[in-house]
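Please read the structure below before turning to the comments.
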Amino acid sequence: MGMDVLVIGSGGREHALCWKLAASPLLGNLYCTPGNGGISEEAQCIDMDIADHAAIIDFCQDRKIDLVVVGPEAPLVAGLVDDLQAAGIRAFGPDAAAARLEGSKGFTKDLCARHNIPTGAYGRFTDAAAARAYVAEKGAPIVVKADGLAAGKGVTVAMTEAQAIAAIDDAFGGRFGAAGAEVVVEEFLEGEEASFFVLTDGVNALPLATAQDHKAVGEGDTGPNTGGMGAYSPAPVMTDAMIARTMDEIIRPTIAGMAADGCPFRGVLFAGLMITETGPQLIEYNIRFGDPECQALMVRLKSDLMAALIATMDGVLDRFDLRWDSDAALTVVMAADGYPGAVQKGSAIGGLFDAGLVDGVTIFHAGTREDGMTVRANGGRVLGITALGKTVREAQGRAYDAVDRLEWPEGFCRRDIGWRAIAREDASD
């Protein structure tokens, strides 16, 4: 008898998690709510509102679910794990108190200040006039962030003071709802970004593979920020020395600080880093697997994901290890035209079978739904075309080969995912 598992979420990250969990010898039945058109191949999709905690608890008790894996940040910040645990149901992910690391940018900046964790200088503001005055004092470039959850779209890297003022007025003008009632304004950090993931049981931390995300919608990292247009793993900017410094200077002090403050963090901690001339600096924390980084990580993970999640919850990560494929992985996000703005839903996506035949390619669904035999677009980010290769260049070639086999004129992707790593590979040839 294996463990019955419920995964919460409907994106590419959740498809990658379900795909990996489905391969576990420890698994019994796998369910996902609400799921998507691709997840239904790995798990039984259950149509529930993930904000309805009572309905989720009822389902778990009815089906005798052994483990709930919460994919997205919103239910974690809303305390889904607290409610599941109160009902006696095991859940992977932080409780609401620990989830503030993503739920409030200001909370995280204050934690960094208390525990000497390297991050950009900042101010926290609840009114526009004070925030504008701070911008006038500091000058541009400068970064403006809605304090709360804004689906990856609440951050403006302002190259001019006028852009910063507009971002402040947007937030206080209600563009992000309650998430923008408070704003963090912080210094612009120069360097290269990296995504760094660890599993932590509240005391111990186990590093996962490194990754780099491409947030901007346009090629050459231009245009507005999105939830992520592609990613690759490993990130060459994260050398062994840089990983060691990140663990010592950022991750371990955060885990110790959270525990000391009475809100130990258990789950996956995702540090968005800027690798500057002086070393790693924290841009922000996320409290879940990245999307699309998760897709690139899962195809490289050779160990059993289920065993890793259980070790995290059991507090035994100090006696646990993970094995990773030495190959590189690269994910290209296919998005619906108009993303990150308004998109049309319902267009048919053809060529998925043919695209999946490319050597080393796995296709993860995000914003899709099944309509009989047809897969239709049902969101902004729609597919994550993920490929393994000996090098990032080989993985990139395979991913775009698969993209070119798709028949979906209403979709688009960036054509330069992995460009920094490929430039490094070419330079070392």
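Ordering of the structure tokens sets the chain letters (A, B, ...); residue numbers start at 1 within each chain; ligands are numbered from 1 in the order shown.
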
Determine, counting only C-alpha atoms, which protein, DNA and RNA residues have an atom within 10 Å of an atom of A:Thr33; residues of the same chain fewer than 3 positions away are not included. Present the result as an mmCIF file with N, CA and C atoms, in the first residue's frame.
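Contents of selection-v7.cif, as written:
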data_model
loop_
_atom_site.group_PDB
_atom_site.id
_atom_site.type_symbol
_atom_site.label_atom_id
_atom_site.label_comp_id
_atom_site.auth_asym_id
_atom_site.auth_seq_id
_atom_site.Cartn_x
_atom_site.Cartn_y
_atom_site.Cartn_z
ATOM 1 N N LEU A 6 -2.258 14.247 -2.503
ATOM 2 C CA LEU A 6 -2.997 15.301 -3.194
ATOM 3 C C LEU A 6 -2.056 16.478 -3.441
ATOM 4 N N VAL A 7 -1.908 16.859 -4.705
ATOM 5 C CA VAL A 7 -1.117 18.041 -5.072
ATOM 6 C C VAL A 7 -2.091 19.195 -5.314
ATOM 7 N N ILE A 8 -1.769 20.361 -4.759
ATOM 8 C CA ILE A 8 -2.607 21.553 -4.915
ATOM 9 C C ILE A 8 -1.989 22.458 -5.976
ATOM 10 N N GLY A 9 -2.756 22.795 -7.024
ATOM 11 C CA GLY A 9 -2.292 23.743 -8.034
ATOM 12 C C GLY A 9 -2.644 23.309 -9.438
ATOM 13 N N SER A 10 -2.344 24.167 -10.407
ATOM 14 C CA SER A 10 -2.762 23.901 -11.785
ATOM 15 C C SER A 10 -1.730 24.326 -12.821
ATOM 16 N N GLU A 14 3.198 22.363 -10.933
ATOM 17 C CA GLU A 14 2.448 21.238 -10.369
ATOM 18 C C GLU A 14 2.474 20.030 -11.305
ATOM 19 N N ASN A 36 -4.677 20.383 -14.600
ATOM 20 C CA ASN A 36 -4.803 20.948 -15.944
ATOM 21 C C ASN A 36 -4.813 19.812 -16.960
ATOM 22 N N ILE A 39 -1.741 17.371 -16.491
ATOM 23 C CA ILE A 39 -1.643 16.687 -15.189
ATOM 24 C C ILE A 39 -2.548 15.457 -15.165
ATOM 25 N N ALA A 43 -2.219 12.148 -12.805
ATOM 26 C CA ALA A 43 -3.002 12.180 -11.562
ATOM 27 C C ALA A 43 -4.477 12.301 -11.890
ATOM 28 N N GLN A 44 -5.304 11.936 -10.917
ATOM 29 C CA GLN A 44 -6.743 12.134 -11.062
ATOM 30 C C GLN A 44 -7.046 13.579 -10.677
ATOM 31 N N CYS A 45 -7.517 14.387 -11.632
ATOM 32 C CA CYS A 45 -7.785 15.802 -11.359
ATOM 33 C C CYS A 45 -9.157 15.956 -10.699
ATOM 34 N N ILE A 46 -9.183 16.742 -9.621
ATOM 35 C CA ILE A 46 -10.401 16.966 -8.839
ATOM 36 C C ILE A 46 -10.721 18.459 -8.924
ATOM 37 N N ASP A 47 -11.922 18.784 -9.343
ATOM 38 C CA ASP A 47 -12.299 20.185 -9.516
ATOM 39 C C ASP A 47 -12.755 20.777 -8.182
ATOM 40 N N MET A 48 -11.810 21.448 -7.497
ATOM 41 C CA MET A 48 -12.132 22.127 -6.231
ATOM 42 C C MET A 48 -11.547 23.522 -6.271
ATOM 43 N N ASP A 49 -12.119 24.424 -5.473
ATOM 44 C CA ASP A 49 -11.569 25.762 -5.291
ATOM 45 C C ASP A 49 -10.480 25.653 -4.221
ATOM 46 N N ILE A 50 -9.214 25.960 -4.613
ATOM 47 C CA ILE A 50 -8.124 25.756 -3.640
ATOM 48 C C ILE A 50 -8.169 26.777 -2.510
ATOM 49 N N ILE A 56 -11.218 21.066 0.803
ATOM 50 C CA ILE A 56 -9.987 20.279 0.644
ATOM 51 C C ILE A 56 -9.826 19.302 1.812
ATOM 52 N N VAL A 70 1.496 21.332 -1.410
ATOM 53 C CA VAL A 70 0.921 22.603 -1.858
ATOM 54 C C VAL A 70 1.897 23.267 -2.827
#

From a backbone DSSP assignment, name each residue in stretch 147-299 of chain A labelled helix (DSSP H, G or I), as an mmCIF file with C-alpha atoms, in the first residue's frame.
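The result, stored in result28.cif:
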data_model
loop_
_atom_site.group_PDB
_atom_site.id
_atom_site.type_symbol
_atom_site.label_atom_id
_atom_site.label_comp_id
_atom_site.auth_asym_id
_atom_site.auth_seq_id
_atom_site.Cartn_x
_atom_site.Cartn_y
_atom_site.Cartn_z
ATOM 1 C CA GLU A 161 12.647 58.403 -11.181
ATOM 2 C CA ALA A 162 9.502 58.969 -13.279
ATOM 3 C CA GLN A 163 9.087 55.200 -13.760
ATOM 4 C CA ALA A 164 9.502 54.677 -10.010
ATOM 5 C CA ILE A 165 6.890 57.337 -9.195
ATOM 6 C CA ALA A 166 4.465 55.754 -11.691
ATOM 7 C CA ALA A 167 4.985 52.327 -10.073
ATOM 8 C CA ILE A 168 4.365 53.782 -6.599
ATOM 9 C CA ASP A 169 1.184 55.519 -7.777
ATOM 10 C CA ASP A 170 0.043 52.281 -9.490
ATOM 11 C CA ALA A 171 0.429 50.290 -6.289
ATOM 12 C CA PHE A 172 -1.261 52.815 -4.011
ATOM 13 C CA GLY A 177 -5.413 45.276 -4.636
ATOM 14 C CA ALA A 178 -4.501 44.595 -1.006
ATOM 15 C CA ALA A 179 -1.012 43.442 -2.083
ATOM 16 C CA GLY A 180 -0.124 47.062 -2.929
ATOM 17 C CA ASP A 240 30.606 25.721 -5.670
ATOM 18 C CA ALA A 241 32.160 28.685 -3.847
ATOM 19 C CA MET A 242 29.092 30.865 -4.496
ATOM 20 C CA ILE A 243 26.774 28.070 -3.280
ATOM 21 C CA ALA A 244 28.826 27.770 -0.076
ATOM 22 C CA ARG A 245 28.649 31.533 0.505
ATOM 23 C CA THR A 246 24.892 31.578 -0.191
ATOM 24 C CA MET A 247 24.334 28.813 2.369
ATOM 25 C CA ASP A 248 26.535 30.516 4.986
ATOM 26 C CA GLU A 249 25.514 34.151 4.455
ATOM 27 C CA ILE A 250 21.856 33.905 3.387
ATOM 28 C CA ILE A 251 20.148 30.502 3.816
ATOM 29 C CA ARG A 252 21.406 29.333 7.226
ATOM 30 C CA PRO A 253 20.947 32.734 8.935
ATOM 31 C CA THR A 254 17.388 32.881 7.538
ATOM 32 C CA ILE A 255 16.483 29.403 8.819
ATOM 33 C CA ALA A 256 18.048 30.120 12.219
ATOM 34 C CA GLY A 257 16.404 33.553 12.371
ATOM 35 C CA MET A 258 12.944 32.214 11.529
ATOM 36 C CA ALA A 259 13.289 29.502 14.194
ATOM 37 C CA ALA A 260 14.522 32.043 16.761
ATOM 38 C CA GLU A 293 12.519 26.441 -12.557
ATOM 39 C CA CYS A 294 10.735 23.436 -11.029
ATOM 40 C CA GLN A 295 10.300 21.877 -14.478
ATOM 41 C CA ALA A 296 14.051 22.072 -15.168
ATOM 42 C CA LEU A 297 14.883 20.758 -11.678
ATOM 43 C CA MET A 298 12.508 17.789 -11.768
ATOM 44 C CA VAL A 299 13.866 16.363 -15.034
#

Do you have, as CSV, the list of residues of stretch 214-323 of chain A lying at most 10 Å from stretch 338-344 of chain A, each with its nearest atom pair and that distance in Å to one decimal, counting only C-alpha atoms and ordered by chain then number?
residue,atom,partner,partner_atom,distance
A:Ala216,CA,A:Pro340,CA,9.6
A:Val217,CA,A:Pro340,CA,7.4
A:Pro224,CA,A:Pro340,CA,7.7
A:Asn225,CA,A:Pro340,CA,7.8
A:Thr226,CA,A:Pro340,CA,5.9
A:Gly227,CA,A:Pro340,CA,8.2
A:Gly228,CA,A:Pro340,CA,9.9

What would the file look like if the residues just selected were written as a PDB file, in the first residue's frame with N, CA and C atoms?
ATOM      1  N   ALA A 216      11.751  38.554 -17.850  1.00  0.00           N
ATOM      2  CA  ALA A 216      11.207  39.542 -18.785  1.00  0.00           C
ATOM      3  C   ALA A 216      10.520  38.846 -19.954  1.00  0.00           C
ATOM      4  N   VAL A 217       9.491  39.491 -20.490  1.00  0.00           N
ATOM      5  CA  VAL A 217       8.700  38.860 -21.558  1.00  0.00           C
ATOM      6  C   VAL A 217       9.464  38.826 -22.879  1.00  0.00           C
ATOM      7  N   PRO A 224       8.218  43.990 -19.886  1.00  0.00           N
ATOM      8  CA  PRO A 224       7.737  43.826 -18.513  1.00  0.00           C
ATOM      9  C   PRO A 224       8.066  42.455 -17.933  1.00  0.00           C
ATOM     10  N   ASN A 225       8.157  42.399 -16.604  1.00  0.00           N
ATOM     11  CA  ASN A 225       8.383  41.131 -15.920  1.00  0.00           C
ATOM     12  C   ASN A 225       7.137  40.250 -16.004  1.00  0.00           C
ATOM     13  N   THR A 226       7.380  38.941 -16.018  1.00  0.00           N
ATOM     14  CA  THR A 226       6.311  37.947 -16.051  1.00  0.00           C
ATOM     15  C   THR A 226       6.527  36.995 -14.884  1.00  0.00           C
ATOM     16  N   GLY A 227       5.709  35.955 -14.823  1.00  0.00           N
ATOM     17  CA  GLY A 227       5.959  34.882 -13.871  1.00  0.00           C
ATOM     18  C   GLY A 227       7.180  34.055 -14.240  1.00  0.00           C
ATOM     19  N   GLY A 228       7.709  34.229 -15.465  1.00  0.00           N
ATOM     20  CA  GLY A 228       8.895  33.490 -15.926  1.00  0.00           C
ATOM     21  C   GLY A 228       8.662  32.927 -17.314  1.00  0.00           C
TER      22      GLY A 228
END

Please compute the atom CA of A:Phe265-atom CA of A:Asp95 distance, one decimal, in Å.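 Atom CA of A:Asp95 lies 7.7 Å from atom CA of A:Phe265.
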
Between A:Ile363, A:Leu322, A:Val358, A:Met306, single out the one closest to A:Ala23, counting only C-alpha atoms.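 Smallest separation from A:Ala23 among the options: A:Met306.
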
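Ranking A:Cys32, A:Ala335, A:Ala387, A:Ala307 by their shortest atom-to-atom distance to A:Gly356, with only C-alpha atoms included, puts A:Ala387 first.
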